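A.B. asks: Compact mmCIF, C-alpha atoms, file data35.txt:
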# COMPACT_ATOMS: atom_id res chain seq x y z
CA MET P 197 73.39 125.51 77.99
CA VAL P 198 73.27 128.03 80.83
CA GLN P 199 76.72 129.41 81.63
CA GLY P 200 77.92 130.91 84.87
CA THR P 201 79.89 133.99 83.89
CA SER P 202 78.61 137.29 82.57
CA LEU P 203 79.83 138.87 79.35
CA ARG P 204 79.06 142.58 79.19
CA GLU P 205 80.53 143.25 75.75
CA GLY P 206 77.09 144.37 74.61
CA PRO P 207 73.48 144.48 75.79
CA VAL P 208 72.22 141.60 77.92
CA TYR P 209 69.37 139.92 76.04
CA LEU P 210 66.48 138.84 78.29
CA ASP P 211 63.59 138.91 75.82
CA ALA P 212 63.42 135.31 74.63
CA ASN P 213 59.63 135.23 74.39
CA ALA P 214 59.96 137.86 71.64
CA THR P 215 62.52 135.69 69.87
CA GLU P 216 65.09 133.15 71.00
CA PRO P 217 68.75 133.35 69.95
CA LEU P 218 69.51 131.04 67.03
CA ARG P 219 70.67 127.61 68.17
CA PRO P 220 73.90 126.33 66.59
CA ALA P 221 72.13 123.15 65.45
CA ALA P 222 69.56 125.26 63.62
CA ARG P 223 72.27 127.35 61.96
CA GLU P 224 74.04 124.22 60.69
CA ALA P 225 70.81 122.77 59.33
CA MET P 226 69.95 126.04 57.60
CA LEU P 227 73.34 126.24 55.94
CA ALA P 228 72.84 122.75 54.55
CA GLY P 229 69.47 123.82 53.16
CA LEU P 230 70.82 127.05 51.70
CA GLU P 231 73.36 125.11 49.69
CA GLN P 232 70.56 123.45 47.72
CA THR P 233 69.38 124.91 44.41
CA GLY P 234 66.28 122.95 43.48
CA ASN P 235 62.64 123.84 44.12
CA PRO P 236 60.90 121.07 46.10
CA ALA P 237 58.03 121.15 43.58
CA SER P 238 60.30 120.46 40.60
CA VAL P 239 60.39 116.93 39.23
CA HIS P 240 64.05 116.91 38.16
CA ALA P 241 66.90 115.57 40.29
CA ALA P 242 67.69 118.85 42.05
CA GLY P 243 64.04 119.32 42.93
CA ARG P 244 63.65 115.75 44.14
CA LYS P 245 66.66 116.17 46.41
CA THR P 246 65.23 119.27 48.11
CA ARG P 247 61.83 117.59 48.34
CA ILE P 248 63.35 114.73 50.29
CA MET P 249 65.03 117.20 52.67
CA LEU P 250 61.82 119.19 53.13
CA GLU P 251 59.76 116.10 53.86
CA GLU P 252 62.33 114.86 56.36
CA ALA P 253 62.03 118.16 58.25
CA ARG P 254 58.24 117.84 58.13
CA ARG P 255 58.38 114.28 59.46
CA ARG P 256 60.65 115.26 62.36
CA ILE P 257 58.51 118.21 63.42
CA ALA P 258 55.27 116.24 63.24
CA ALA P 259 56.75 113.26 65.08
CA ALA P 260 57.86 115.48 67.96
CA PHE P 261 54.17 116.04 68.72
CA GLY P 262 52.97 112.54 67.92
CA ARG P 263 51.56 113.50 64.52
CA GLU P 264 51.83 112.11 61.02
CA ALA P 265 53.81 114.15 58.51
CA ASP P 266 50.83 114.55 56.16
CA GLY P 267 49.10 116.66 58.81
CA CYS P 268 51.94 119.21 59.04
CA VAL P 269 51.36 122.36 56.98
CA PHE P 270 54.39 124.63 56.75
CA THR P 271 53.72 128.36 57.16
CA SER P 272 55.68 131.59 57.53
CA GLY P 273 55.29 131.56 61.33
CA GLY P 274 52.93 131.29 64.26
CA THR P 275 50.67 134.14 63.18
CA GLU P 276 49.99 132.56 59.79
CA ALA P 277 49.45 129.15 61.40
CA ASP P 278 46.88 130.64 63.80
CA THR P 279 45.20 132.63 61.04
CA LEU P 280 45.00 129.59 58.79
CA ALA P 281 43.38 127.59 61.59
CA LEU P 282 40.84 130.34 62.30
CA HIS P 283 40.04 130.65 58.60
CA ALA P 284 39.99 127.02 57.53
CA LEU P 285 38.81 125.30 60.71
CA GLY P 286 36.56 128.12 61.93
CA ARG P 287 35.01 130.55 59.49
CA ALA P 288 35.16 128.31 56.41
CA GLU P 289 33.34 125.57 58.33
CA GLY P 290 30.74 127.92 59.76
CA ARG P 291 31.84 127.52 63.36
CA CYS P 292 31.30 129.96 66.20
CA ILE P 293 34.73 130.93 67.52
CA LEU P 294 35.63 131.19 71.21
CA VAL P 295 39.06 132.44 72.33
CA GLY P 296 40.76 132.90 75.66
CA ALA P 297 40.71 136.46 76.97
CA THR P 298 44.51 136.45 77.28
CA GLU P 299 45.24 135.13 73.77
CA HIS P 300 47.94 136.65 71.60
CA ASP P 301 46.83 139.30 69.11
CA ALA P 302 47.54 136.79 66.32
CA ILE P 303 44.24 135.24 67.45
CA ARG P 304 42.37 138.21 68.90
CA ARG P 305 42.79 140.57 65.97
CA ALA P 306 42.06 137.88 63.40
CA VAL P 307 38.61 137.23 64.90
CA PRO P 308 37.44 140.38 66.70
CA GLU P 309 33.91 138.96 66.73
CA ALA P 310 34.95 135.92 68.78
CA GLY P 311 33.53 135.22 72.21
CA LEU P 312 36.07 135.79 75.01
CA ILE P 313 36.59 133.04 77.56
CA PRO P 314 37.40 134.68 80.92
CA VAL P 315 40.40 133.85 83.09
CA ASP P 316 40.97 134.04 86.82
CA GLY P 317 43.38 136.36 88.63
CA GLN P 318 46.30 134.07 87.78
CA GLY P 319 45.47 134.07 84.09
CA VAL P 320 44.09 130.51 84.05
CA ILE P 321 41.07 129.75 81.86
CA ASP P 322 37.80 129.66 83.82
CA ARG P 323 36.60 126.10 83.15
CA ALA P 324 33.05 126.74 84.36
CA ALA P 325 32.71 129.79 82.11
CA LEU P 326 34.07 127.84 79.14
CA GLU P 327 31.59 125.04 79.70
CA ALA P 328 28.71 127.53 79.91
CA MET P 329 29.83 129.10 76.63
CA LEU P 330 30.12 125.69 74.98
CA VAL P 331 26.60 124.83 76.08
CA ALA P 332 25.29 128.15 74.76
CA HIS P 333 27.13 127.86 71.43
CA GLY P 334 27.10 124.10 71.03
CA ALA P 335 26.38 122.24 67.83
CA ALA P 336 22.77 122.59 66.72
CA GLY P 337 21.35 119.74 64.67
CA ASP P 338 23.83 118.82 61.96
CA GLY P 339 25.80 122.07 62.32
CA PRO P 340 29.41 122.15 63.51
CA GLY P 341 30.35 122.86 67.10
CA PRO P 342 32.45 125.89 68.12
CA LEU P 343 36.14 126.38 67.43
CA VAL P 344 37.92 126.98 70.75
CA CYS P 345 41.33 128.69 70.63
CA ILE P 346 43.58 128.47 73.70
CA MET P 347 47.27 129.26 74.23
CA ALA P 348 49.30 126.41 75.69
CA ALA P 349 51.34 129.02 77.59
CA ASN P 350 50.87 132.77 77.69
CA ASN P 351 53.52 134.89 76.02
CA GLU P 352 53.45 137.60 78.73
CA THR P 353 53.02 135.68 81.99
CA GLY P 354 54.13 132.19 80.95
CA VAL P 355 50.99 130.74 82.58
CA HIS P 356 50.05 127.28 81.30
CA ALA P 357 46.48 126.60 80.21
CA PRO P 358 44.67 123.58 81.72
CA LEU P 359 44.72 121.86 78.35
CA ARG P 360 43.55 118.45 79.48
CA ASP P 361 40.43 119.92 81.08
CA VAL P 362 39.80 122.20 78.11
CA ALA P 363 40.20 119.34 75.65
CA ALA P 364 37.80 117.17 77.65
CA LEU P 365 35.17 119.92 77.63
CA CYS P 366 35.60 120.39 73.88
CA ARG P 367 35.10 116.68 73.24
CA GLN P 368 32.07 116.60 75.52
CA HIS P 369 30.37 119.47 73.69
CA GLY P 370 31.42 118.71 70.12
CA ALA P 371 33.85 121.60 69.79
CA PHE P 372 37.11 121.65 67.82
CA LEU P 373 40.18 122.75 69.78
CA HIS P 374 43.02 124.81 68.33
CA VAL P 375 46.08 125.30 70.55
CA ASP P 376 48.51 128.16 70.03
CA ALA P 377 51.65 126.32 71.13
CA VAL P 378 54.08 129.00 69.94
CA GLN P 379 55.59 129.74 73.37
CA ALA P 380 55.30 126.25 74.85
CA ALA P 381 56.54 124.01 72.04
CA GLY P 382 60.23 124.86 72.39
CA ARG P 383 60.29 125.00 76.21
CA MET P 384 58.69 121.71 77.17
CA GLN P 385 59.31 120.10 80.55
CA GLU P 386 58.40 116.50 81.27
CA GLN P 387 55.59 117.32 83.68
CA ASP P 388 54.22 120.57 82.28
CA GLU P 389 50.60 120.68 81.18
CA PHE P 390 51.34 120.78 77.46
CA SER P 391 53.63 117.75 77.66
CA LEU P 392 51.14 115.79 79.74
CA ALA P 393 48.27 116.65 77.39
CA LEU P 394 50.32 115.38 74.45
CA LYS P 395 51.36 112.21 76.25
CA ASP P 396 47.90 111.15 77.37
CA GLY P 397 46.26 111.86 74.01
CA SER P 398 44.16 114.80 75.21
CA LEU P 399 45.30 116.84 72.20
CA ALA P 400 45.01 114.06 69.64
CA GLY P 401 42.02 115.78 68.03
CA ALA P 402 43.38 119.35 68.26
CA SER P 403 45.37 121.49 65.85
CA LEU P 404 48.62 123.12 67.00
CA ALA P 405 50.33 126.33 65.84
CA LEU P 406 54.14 126.44 65.99
CA SER P 407 56.81 129.08 65.36
CA ALA P 408 60.46 128.34 64.63
CA HIS P 409 62.06 131.43 66.14
CA LYS P 410 60.45 130.85 69.55
CA MET P 411 62.36 127.54 69.68
CA GLY P 412 65.74 128.95 68.72
CA GLY P 413 65.17 128.50 64.99
CA PRO P 414 64.95 131.10 62.23
CA LYS P 415 62.36 133.86 61.94
CA GLY P 416 59.83 133.43 59.17
CA ALA P 417 59.01 129.73 59.58
CA GLY P 418 56.21 127.92 61.36
CA ALA P 419 53.68 125.14 61.02
CA LEU P 420 50.08 124.21 61.58
CA LEU P 421 49.80 120.63 62.84
CA LEU P 422 46.46 119.02 62.06
CA PRO P 423 45.13 115.97 63.90
CA GLU P 424 44.93 114.15 60.56
CA ASP P 425 45.65 114.59 56.88
CA ARG P 426 42.73 116.65 55.61
CA PRO P 427 42.01 119.37 53.05
CA LEU P 428 41.88 123.00 54.15
CA ALA P 429 40.48 126.12 52.52
CA PRO P 430 43.79 127.96 51.97
CA LEU P 431 44.49 131.57 52.77
CA LEU P 432 47.12 131.53 50.00
CA PRO P 433 46.04 129.23 47.14
CA GLY P 434 49.15 129.91 45.06
CA GLY P 435 50.46 126.95 43.14
CA GLY P 436 48.87 124.32 45.35
CA GLN P 437 51.89 123.60 47.52
CA GLU P 438 51.46 121.91 50.93
CA ARG P 439 48.87 119.56 49.40
CA GLY P 440 46.76 122.52 48.31
CA ARG P 441 46.57 123.96 51.84
CA ARG P 442 49.16 126.75 51.59
CA GLY P 443 50.55 128.11 48.36
CA GLY P 444 54.09 129.40 47.88
CA THR P 445 57.51 127.81 47.53
CA PRO P 446 58.50 126.34 50.91
CA ALA P 447 61.42 127.95 52.74
CA LEU P 448 63.53 124.79 52.81
CA ALA P 449 66.43 126.11 54.88
CA SER P 450 64.13 127.71 57.46
CA HIS P 451 62.06 124.59 57.97
CA MET P 452 65.20 122.49 58.28
CA GLY P 453 66.41 124.95 60.93
CA MET P 454 63.05 124.70 62.69
CA ALA P 455 63.27 120.91 62.93
CA ALA P 456 66.81 121.09 64.32
CA ALA P 457 65.92 123.78 66.85
CA LEU P 458 62.90 121.84 68.08
CA GLU P 459 64.91 118.69 68.63
CA ASP P 460 67.68 120.64 70.36
CA SER P 461 65.15 122.26 72.70
CA ARG P 462 63.95 118.84 73.80
CA MET P 463 67.43 118.03 75.08
CA GLN P 464 67.68 121.15 77.24
CA ASP P 465 67.43 120.95 81.02
CA TRP P 466 64.81 123.63 81.57
CA SER P 467 64.93 123.15 85.34
CA VAL P 468 68.17 125.15 85.30
CA LEU P 469 66.38 128.15 83.80
CA ALA P 470 63.46 127.65 86.17
CA ALA P 471 65.85 127.87 89.14
CA LEU P 472 67.39 131.07 87.76
CA ARG P 473 63.90 132.46 87.16
CA ASP P 474 62.91 131.74 90.75
CA GLU P 475 66.11 133.31 92.05
CA LEU P 476 65.51 136.45 89.98
CA GLU P 477 61.90 136.72 91.11
CA ALA P 478 62.96 136.60 94.75
CA VAL P 479 65.33 139.53 94.16
CA MET P 480 62.67 141.49 92.29
CA VAL P 481 60.04 140.89 94.97
CA GLU P 482 62.49 142.20 97.54
CA ALA P 483 62.70 145.36 95.41
CA GLY P 484 58.92 145.81 95.60
CA VAL P 485 57.71 143.86 92.57
CA ILE P 486 54.50 141.84 92.30
CA ILE P 487 54.85 138.71 90.14
CA MET P 488 51.89 138.10 87.85
CA GLY P 489 50.66 134.51 87.59
CA HIS P 490 52.87 133.39 90.47
CA GLY P 491 50.16 131.08 91.79
CA ALA P 492 49.90 129.11 88.55
CA ALA P 493 52.13 126.69 86.66
CA ARG P 494 54.29 128.68 84.24
CA LEU P 495 56.97 128.42 81.59
CA PRO P 496 60.41 127.95 83.19
CA ASN P 497 61.88 131.14 81.72
CA THR P 498 59.18 133.81 82.08
CA VAL P 499 58.71 136.62 84.62
CA SER P 500 55.85 139.13 84.43
CA ALA P 501 56.70 141.78 87.03
CA VAL P 502 54.67 144.79 88.16
CA LEU P 503 56.43 147.64 89.93
CA PRO P 504 53.46 149.43 91.51
CA GLY P 505 53.22 153.07 90.52
CA VAL P 506 55.93 153.00 87.83
CA ALA P 507 54.88 152.88 84.19
CA ALA P 508 56.31 150.04 82.14
CA GLN P 509 57.80 152.48 79.64
CA MET P 510 59.80 154.22 82.37
CA GLN P 511 61.19 150.89 83.52
CA LEU P 512 62.09 149.80 80.00
CA MET P 513 63.92 153.05 79.29
CA ALA P 514 65.87 152.87 82.54
CA LEU P 515 66.86 149.25 81.97
CA ASP P 516 67.75 149.84 78.33
CA ILE P 517 70.13 152.61 79.38
CA GLU P 518 71.77 150.11 81.72
CA GLY P 519 72.17 147.64 78.86
CA TYR P 520 69.32 145.16 79.49
CA CYS P 521 66.88 144.07 76.80
CA VAL P 522 63.46 143.27 78.27
CA SER P 523 59.94 144.11 77.13
CA ALA P 524 56.52 145.21 78.28
CA GLY P 525 54.74 142.27 76.71
CA SER P 526 54.27 141.05 73.16
CA ALA P 527 56.94 142.23 70.74
CA CYS P 528 54.24 142.47 68.08
CA SER P 529 53.00 145.69 69.70
CA SER P 530 56.30 147.03 71.04
CA GLY P 531 56.20 150.14 68.87
CA LYS P 532 53.96 151.55 71.56
CA VAL P 533 54.12 150.50 75.21
CA ALA P 534 50.42 149.99 75.86
CA ARG P 535 48.50 148.52 78.77
CA SER P 536 48.60 144.75 78.74
CA HIS P 537 45.29 143.21 77.69
CA VAL P 538 46.52 140.03 79.39
CA LEU P 539 46.79 141.67 82.80
CA GLU P 540 43.56 143.56 82.24
CA ALA P 541 41.80 140.24 81.61
CA MET P 542 43.33 139.01 84.88
CA GLY P 543 41.64 141.91 86.69
CA GLN P 544 44.86 143.74 87.48
CA GLY P 545 43.60 147.26 86.71
CA GLU P 546 46.30 149.92 86.62
CA ALA P 547 48.97 147.23 87.01
CA ALA P 548 48.35 146.41 83.34
CA GLY P 549 50.42 149.47 82.48
CA GLN P 550 53.17 148.83 85.03
CA ALA P 551 54.41 145.36 84.06
CA ILE P 552 57.58 144.32 82.29
CA ARG P 553 58.39 140.86 80.98
CA VAL P 554 61.74 139.23 81.55
CA SER P 555 62.13 136.02 79.54
CA LEU P 556 65.37 134.08 79.83
CA PRO P 557 66.83 132.73 76.56
CA TRP P 558 67.96 129.15 76.18
CA ASN P 559 71.63 130.19 76.41
CA VAL P 560 71.33 132.75 79.21
CA ARG P 561 74.30 133.25 81.52
CA ALA P 562 73.62 132.99 85.23
CA GLY P 563 75.87 136.00 85.83
CA ASP P 564 73.78 138.11 83.48
CA VAL P 565 70.58 137.16 85.28
CA ARG P 566 72.11 138.12 88.61
CA SER P 567 73.52 141.39 87.31
CA PHE P 568 70.07 142.24 85.97
CA GLY P 569 68.58 141.54 89.38
CA ARG P 570 71.03 143.98 90.97
CA ALA P 571 70.37 146.61 88.30
CA TYR P 572 66.62 146.22 88.75
CA GLY P 573 66.92 146.66 92.50
CA LEU P 574 68.93 149.87 92.07
CA MET P 575 66.39 151.16 89.56
CA ALA P 576 63.48 150.43 91.91
CA ARG P 577 65.31 152.20 94.73
CA ARG P 578 65.74 155.30 92.57
CA PHE P 579 62.05 155.32 91.72
CA ALA P 580 61.21 154.90 95.42
CA GLU P 581 63.43 157.87 96.31
CA ARG P 582 61.47 159.93 93.81
CA GLY P 583 58.23 158.90 95.51
CA LEU P 584 56.90 156.94 92.53
CA LEU P 585 56.50 153.51 94.11
CA LYS P 586 53.14 152.60 95.59
CA ARG P 587 52.28 150.00 98.16
CA PRO P 588 50.52 146.93 96.68
CA THR P 589 46.72 147.21 96.77
CA PRO P 590 44.37 144.34 97.73
CA MET P 591 43.94 143.30 94.09
CA TRP P 592 47.53 142.09 94.17
CA GLY P 593 47.04 140.02 97.32
CA GLY P 594 47.81 136.32 97.57
CA PRO P 595 47.46 133.95 94.66
CA VAL P 596 43.98 133.27 93.35
CA THR P 597 43.23 129.62 93.87
CA HIS P 598 41.90 127.43 91.09
CA GLU P 599 41.43 123.73 90.47
CA GLY P 600 44.22 121.83 88.79
Show me this structure written as structure tokens.
C.D. replies:
Amino acid sequence: MVQGTSLREGPVYLDANATEPLRPAAREAMLAGLEQTGNPASVHAAGRKTRIMLEEARRRIAAAFGREADGCVFTSGGTEADTLALHALGRAEGRCILVGATEHDAIRRAVPEAGLIPVDGQGVIDRAALEAMLVAHGAAGDGPGPLVCIMAANNETGVHAPLRDVAALCRQHGAFLHVDAVQAAGRMQEQDEFSLALKDGSLAGASLALSAHKMGGPKGAGALLLPEDRPLAPLLPGGGQERGRRGGTPALASHMGMAAALEDSRMQDWSVLAALRDELEAVMVEAGVIIMGHGAARLPNTVSAVLPGVAAQMQLMALDIEGYCVSAGSACSSGKVARSHVLEAMGQGEAAGQAIRVSLPWNVRAGDVRSFGRAYGLMARRFAERGLLKRPTPMWGGPVTHEG
């Protein structure tokens, strides 16, 4: 629930796309799981009890996306879920792999040989380019079609992918679709593209990668949802857990927390965060910021903001000193503040090194968002007084139009 007052007892956390604060419902579920002693693979009473609890969490997570429990493979997080999909549904089946140019490094670094599907200036997948690539790499004879990997929503810009169009193209050309739903799954709105693609069955034949901590659950838990119960070539054979698809003793408490967090996220009114996001963006634009992906449908909590002429690292340091936790993009590469490959793929040139990401957590306080807006404006003014700010160049002009 968004609250109105601001508590400045410590840093203000505005980096939810890196990890969400733990939801109370998830904490309670985890505590119940931690109290259990048995291993879900054991056949004695203590093991059977934990097995029932694990399978109930699996059922709830799968059902939230219209899937059967047997198609839910528990993993250690979104990266493992993506990597398992690339390995088992791609390489092991001899498929050519195509990935969006703005995909998370969990995908990009796992398959550096993959073909890159271009995006437009708003970060939206180029449908015509995808279709041309599918034609060029389509199934030959009895061979399998390509594996196409697309994020439901981008972790840096929040831009939604046109999943229904992408899924239709994959079906038309015999390709298998894998959707990285890590950022979108715990922030679903009734009419967003991911929700609509689930409702109308567009994603019925696709696999989905999920991560608990991006929903307000614990770190170290995730899942790969398959369209049906099927064998997979495991990355971790281990003792044959997860029906032989992922070895290792399941993290019962974490997966119980994941199920609770997911269900709690579905009850949240995300329009409240969207309104705060819009309010913040207006303040930041007044300070000289260019909003990336502003012409596309986006997650309700995400702002990708370029301050022309000011390096992202300088902005992060200034804001950190003021007590605000934001980022320059994916937390997986935060040890070094590098140029954003997402913005580079969007054709933003030097702006790729001048963007910060503000992502509002599920429990953000309206007062904290507003105080951040004031602090950002003061920071931008100081940089302007030092002659660092630049006027926007034509590449940042109006929104790039696209179908859908």
A.B. asks: May I ask which of the residues P:Glu581, P:Asp322, P:Glu251, P:Glu327 is the closest one to Ala265 (chain P), counting all atoms listed in the file?
C.D. replies: P:Glu251
A.B. asks: As lines of an AutoDock Vina configuration file, please: the centre and edge lengths in Å, to one decimal, of an axis-aligned box enclosing every listed atom of region 287-301 of chain P with 3 Å added on each side.
C.D. replies:
center_x = 39.3
center_y = 132.4
center_z = 66.8
size_x = 23.2
size_y = 19.7
size_z = 26.9
A.B. asks: Skipping near chain neighbours, those fewer than 5 positions away, what residues fall within 10 Å of Glu546 (chain P) using all atoms listed in the file, listed as a PyMOL selection string?
C.D. replies: chain P and resi 502+504-505+507+535-536+539-540+551
A.B. asks: With 7 Å as the cut-off and only C-alpha atoms counted, what is the closest atom pair between each nearby residue of region 253-344 of chain P and region 394-409 of chain P? Distances in Å to one decimal, ordered by chain and number, as a tab-separated table.
C.D. replies:
residue	atom	partner	partner_atom	distance
P:Phe261	CA	P:Leu394	CA	6.9
P:Gly273	CA	P:Ser407	CA	5.0
P:Gly274	CA	P:Ser407	CA	4.6
P:Ala277	CA	P:Ala405	CA	5.3
P:Asp278	CA	P:Ala405	CA	5.9
A.B. asks: Give me the residues near His374 (chain P) as an MDAnalysis selection string, where near means some atom within 12 Å (using all atoms listed in the file) and where sequence neighbours in that chain fewer than 6 positions away do not count.
C.D. replies: chainID P and resid 277:286 293:296 299 303 342:348 359 362:363 366 399:406 420:423
A.B. asks: Nearest to Thr275 (chain P): which of P:Asp460, P:Glu389, P:Glu518, P:Asp301 is it, counting all atoms listed in the file?
C.D. replies: P:Asp301
A.B. asks: Please provide as an MDAnalysis selection string all residues within 12 Å of Ala541 (chain P), with the sequence filter that same-chain residues fewer than 2 positions apart are discarded (counting all atoms listed in the file).
C.D. replies: chainID P and resid 296:299 312:322 535:539 543:548
A.B. asks: I'd like the interatomic distance between CA of Leu230 (chain P) and CA of Asp211 (chain P), to a tenth of an Å.
C.D. replies: 27.8 Å
A.B. asks: To one decimal in Å, tell me the separation between CA of Arg462 (chain P) and CA of Leu250 (chain P).
C.D. replies: 20.8 Å
A.B. asks: What is the CA of Lys415 (chain P) to CA of Thr233 (chain P) distance in Å?
C.D. replies: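 According to the coordinates, CA of Lys415 (chain P) and CA of Thr233 (chain P) are separated by 20.9 Å.
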A.B. asks: Using all atoms listed in the file, can you list as a PyMOL selection string the residues within 9 Å of (29.6, 127.9, 60.9)?
C.D. replies: chain P and resi 286-293+339-342
A.B. asks: Hey, which of P:Arg247, P:His369, P:His356, P:His300 ends up closest to His333 (chain P)? Count all atoms listed in the file.
C.D. replies: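 Smallest separation from His333 (chain P) among the options: P:His369.
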A.B. asks: Given the choices P:Gly519, P:Pro308, P:Gly489, P:Gly569, which gets closest to Glu352 (chain P) if the distance is worked out from only C-alpha atoms?
C.D. replies: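 Closest to Glu352 (chain P), using only C-alpha atoms: P:Gly489.
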A.B. asks: What lies within 10 Å of Tyr572 (chain P) using only C-alpha atoms, ignoring chain neighbours under 2 positions off, as an MDAnalysis selection string?
C.D. replies: chainID P and resid 476 479:480 483 485 511 514:515 518 520 566:570 574:578
A.B. asks: Just checking: using only C-alpha atoms, which residue out of P:Ala242, P:Pro433, P:Gln550, P:Gly443 ends up closest to Ile486 (chain P)?
C.D. replies: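 With only C-alpha atoms as the atom set, the closest residue is P:Gln550.
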A.B. asks: For each of P:Arg255, P:Arg304, P:Arg473, P:Arg439, take the minimum atom-to-atom distance to Ala237 (chain P), counting only C-alpha atoms, then give the residue where this is smallest.
C.D. replies: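 Counting only C-alpha atoms, the residue closest to Ala237 (chain P) is P:Arg439.
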A.B. asks: Within 12 Å of (67.8, 129.0, 64.5) (coordinates as in the file), grab all the protein and nucleic acid residues, counting only C-alpha atoms, and write them out as a PyMOL selection string.
C.D. replies: chain P and resi 215-227+382+407-417+449-461+558
